[in-house]
Each structure stands twice: as structure tokens, then as C-alpha cells.
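Before any comments, here is the structure.
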Amino acid sequence: MSRKTVITKELIIKKSFELMKCKGLESISARNIASYIGCSTQPIFSYFDKMEDLKQVLLGLSYDIYSKYLFEVREDVPLYMGIGLGYITFAKEEKELFKIMFMSKENKTLRDSSNLELGVSHKLIMEKLNIDLESAKKFHLEMWIFTHGLAVLIASDNIDITYEEIKQFLTDEYIALSRRWKNE
């Protein structure tokens, strides 16, 4: 008699995360997960009352990966640029997770709460440019719009650029914005 595979909560999360990375957050349904694992939906609902609960776990895992990229220490650049480089590198290396977190209408909650770099960024800008908090917020918003646009282009395979090119683009934009803010 063959041994029956035990479907654990960890296995469900692992396989669901794999499925989400391949096919997006909208693919996370009990039926799709069960088919991917090769089981019935019963084990899934024995661990998760609602699919929304499992989605929150998966989004939390995505956020953990994103955070590591964002705050990875980079010796070759200042901290503020490092945050932008982390964001773009995440878009380049984890395209599907980036799309889920920052390009998906379905995931607005996580995207809205993912501003963990803001306090650090505003402080760095205030110190470097000698400007007040409101000005730092506006500066960061403009820099973020540029950075996010570049990340979206990369994640959607519209451009393919190197780490060095990304650094140069971010440097050029930072210098241009800095000059404008210093003159205001």
C-alpha cells in the first residue's frame, strides 16, 4: 500500500507562494491551489477559513522579501540611493512579486502600507539638502515617481538595463532635483 502524502500548512503556503509568483495573486483560489498540489480543497480549508487569510500570509512573505531588497546594505552608494536601488532591483529580480505589490489593483492594502522607507528617506533628504520636512516630502515624491516609473518599465520587460545604468539614472535625477530644490 502506498503512503499517503500529508498536506501540511507549510506545504500549502509554499506551493501557494510558488503559484502566486508564477500566475499572480488572482490565481490564489482553493481549487487552483489544490490542483497545483495534487490534493482536494479540504486540507486547504482545514488550515485557512477563507482564501483571504492565505492571501494575507502570502502577501506578508512578499513584503518580507521586498524589505530585504529595500534595506540591503550597499557599500557603493549613499543610503538614500540604496533604497531606490533596492526598489528597482526588487522589480528586476522579483518581477511577479513587484507586479503584485505595486501594480495590482487587488493588492491596494499592502501597497498603501508599504511605506517603511519614508521616515528614513525624509530624514536623509532633510539633512543632505538642508530643507524642511514638507519640502523633503515633495522632493521624495518626485524622486519616487521617477524611481517607480523605472521599476515598472523593468518589471513589465519594457527595458533591460544594468545595475550601473540604474545607478546613473538615479544619480542624474537626484542631482537635477537637488539643484532645483536648492534654488527654491
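Letters A, B, ... mark the chains of the C-alpha cells in the order given; residue numbers begin at 1 per chain; ligand numbers begin at 1, in order shown.
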Segment 77-88 of chain A: which residues within 9 Å, counting only C-alpha atoms, same-chain residues fewer than 4 positions away excluded, as an NGL selection string?
:A and (66-73 or 92-93 or 98 or 117 or 120-121 or 124-125 or 143-144 or 147-148 or 150-152 or 154-155 or 163 or 166-167 or 170-171 or 174)
In chain A, DSSP helix (DSSP H, G or I) residues written as JSON, numbers by chain
{"A": [9, 10, 11, 12, 13, 14, 15, 16, 17, 18, 19, 20, 21, 22, 23, 25, 26, 27, 30, 31, 32, 33, 34, 35, 36, 37, 42, 43, 44, 45, 46, 47, 51, 52, 53, 54, 55, 56, 57, 58, 59, 60, 61, 62, 63, 64, 65, 66, 67, 68, 69, 70, 79, 80, 81, 82, 83, 84, 85, 86, 87, 88, 89, 90, 91, 92, 93, 95, 96, 97, 98, 99, 100, 101, 102, 105, 106, 107, 108, 109, 110, 111, 112, 118, 119, 120, 121, 122, 123, 124, 125, 126, 127, 128, 129, 133, 134, 135, 136, 137, 138, 139, 140, 141, 142, 143, 144, 145, 146, 147, 148, 149, 150, 151, 152, 153, 154, 155, 163, 164, 165, 166, 167, 168, 169, 170, 171, 172, 173, 174, 175, 176, 177, 178, 179, 180, 181, 182, 183]}
Interatomic distance, atom CA of Ile12 of chain A to atom CA of Ile44 of chain A (Å, one decimal)
6.8 Å
Near segment 176-178 of chain A, within 12 Å and counting only C-alpha atoms, which residues show up once chain neighbours fewer than 5 positions away are dropped, as a list in words?
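Near segment 176-178 of chain A, the qualifying residues are Ile125, Met126, Lys128, Leu129, Asn130, Ile131, Ser135, Ala136, Lys138, Phe139, His140, Leu141, Glu142, Met143, Trp144, Phe146, Phe169, Leu170, Thr171, Asn183 and Glu184 of chain A.
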Could you give me, as a PyMOL selection string, the residues within 12 Å of Phe48 of chain A, counting only C-alpha atoms and dropping anything in the same chain fewer than 3 positions from it?
chain A and resi 8-10+12-13+29-30+41-45+51-57
Could you write out the selected residues, including N, CA and C atoms, as a PDB file, in the first residue's frame?
```pdb
ATOM      1  N   THR A   8       0.584  19.606   4.722  1.00  0.00           N
ATOM      2  CA  THR A   8       0.768  20.473   5.891  1.00  0.00           C
ATOM      3  C   THR A   8       0.456  21.924   5.534  1.00  0.00           C
ATOM      4  N   LYS A   9       0.288  22.712   6.551  1.00  0.00           N
ATOM      5  CA  LYS A   9       0.076  24.146   6.359  1.00  0.00           C
ATOM      6  C   LYS A   9       1.275  24.762   5.640  1.00  0.00           C
ATOM      7  N   GLU A  10       2.466  24.343   6.030  1.00  0.00           N
ATOM      8  CA  GLU A  10       3.696  24.864   5.415  1.00  0.00           C
ATOM      9  C   GLU A  10       3.757  24.523   3.927  1.00  0.00           C
ATOM     10  N   ILE A  12       1.159  23.957   1.959  1.00  0.00           N
ATOM     11  CA  ILE A  12       0.140  24.780   1.291  1.00  0.00           C
ATOM     12  C   ILE A  12       0.674  26.187   1.057  1.00  0.00           C
ATOM     13  N   ILE A  13       1.314  26.760   2.057  1.00  0.00           N
ATOM     14  CA  ILE A  13       1.859  28.120   1.919  1.00  0.00           C
ATOM     15  C   ILE A  13       2.962  28.131   0.863  1.00  0.00           C
ATOM     16  N   SER A  29      -6.798  30.539  -5.439  1.00  0.00           N
ATOM     17  CA  SER A  29      -8.117  30.026  -5.072  1.00  0.00           C
ATOM     18  C   SER A  29      -7.912  28.607  -4.566  1.00  0.00           C
ATOM     19  N   ALA A  30      -8.837  28.128  -3.774  1.00  0.00           N
ATOM     20  CA  ALA A  30      -8.702  26.771  -3.224  1.00  0.00           C
ATOM     21  C   ALA A  30      -8.591  25.746  -4.343  1.00  0.00           C
ATOM     22  N   THR A  41      -9.541  20.229  -1.948  1.00  0.00           N
ATOM     23  CA  THR A  41      -9.546  21.536  -1.276  1.00  0.00           C
ATOM     24  C   THR A  41      -9.654  21.388   0.243  1.00  0.00           C
ATOM     25  N   GLN A  42     -10.014  20.226   0.718  1.00  0.00           N
ATOM     26  CA  GLN A  42     -10.238  20.004   2.146  1.00  0.00           C
ATOM     27  C   GLN A  42      -9.028  20.383   3.004  1.00  0.00           C
ATOM     28  N   PRO A  43      -7.796  19.941   2.662  1.00  0.00           N
ATOM     29  CA  PRO A  43      -6.651  20.322   3.520  1.00  0.00           C
ATOM     30  C   PRO A  43      -6.438  21.843   3.575  1.00  0.00           C
ATOM     31  N   ILE A  44      -6.716  22.514   2.486  1.00  0.00           N
ATOM     32  CA  ILE A  44      -6.531  23.972   2.444  1.00  0.00           C
ATOM     33  C   ILE A  44      -7.466  24.635   3.442  1.00  0.00           C
ATOM     34  N   PHE A  45      -8.746  24.216   3.413  1.00  0.00           N
ATOM     35  CA  PHE A  45      -9.722  24.831   4.318  1.00  0.00           C
ATOM     36  C   PHE A  45      -9.600  24.326   5.756  1.00  0.00           C
ATOM     37  N   MET A  51      -9.913  32.167   1.834  1.00  0.00           N
ATOM     38  CA  MET A  51      -8.757  32.368   0.952  1.00  0.00           C
ATOM     39  C   MET A  51      -8.075  33.695   1.263  1.00  0.00           C
ATOM     40  N   GLU A  52      -8.824  34.650   1.749  1.00  0.00           N
ATOM     41  CA  GLU A  52      -8.248  35.950   2.105  1.00  0.00           C
ATOM     42  C   GLU A  52      -7.177  35.793   3.188  1.00  0.00           C
ATOM     43  N   ASP A  53      -7.386  34.860   4.100  1.00  0.00           N
ATOM     44  CA  ASP A  53      -6.391  34.611   5.156  1.00  0.00           C
ATOM     45  C   ASP A  53      -5.081  34.101   4.553  1.00  0.00           C
ATOM     46  N   LEU A  54      -5.184  33.179   3.627  1.00  0.00           N
ATOM     47  CA  LEU A  54      -3.984  32.654   2.956  1.00  0.00           C
ATOM     48  C   LEU A  54      -3.321  33.750   2.124  1.00  0.00           C
ATOM     49  N   LYS A  55      -4.101  34.556   1.440  1.00  0.00           N
ATOM     50  CA  LYS A  55      -3.534  35.652   0.651  1.00  0.00           C
ATOM     51  C   LYS A  55      -2.746  36.610   1.528  1.00  0.00           C
ATOM     52  N   GLN A  56      -3.245  36.876   2.721  1.00  0.00           N
ATOM     53  CA  GLN A  56      -2.525  37.783   3.621  1.00  0.00           C
ATOM     54  C   GLN A  56      -1.183  37.192   4.042  1.00  0.00           C
ATOM     55  N   VAL A  57      -1.147  35.879   4.264  1.00  0.00           N
ATOM     56  CA  VAL A  57       0.122  35.209   4.587  1.00  0.00           C
ATOM     57  C   VAL A  57       1.091  35.350   3.412  1.00  0.00           C
TER      58      VAL A  57
END
```
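The smallest atom-to-atom distance between Leu97 of chain A and any of A:Leu58, A:Ile145, A:Ser40, A:Ala34, using only C-alpha atoms, is found for A:Leu58.
A straight line drawn from atom CA of Phe90 of chain A to atom CA of Lys14 of chain A is 20.0 Å long.
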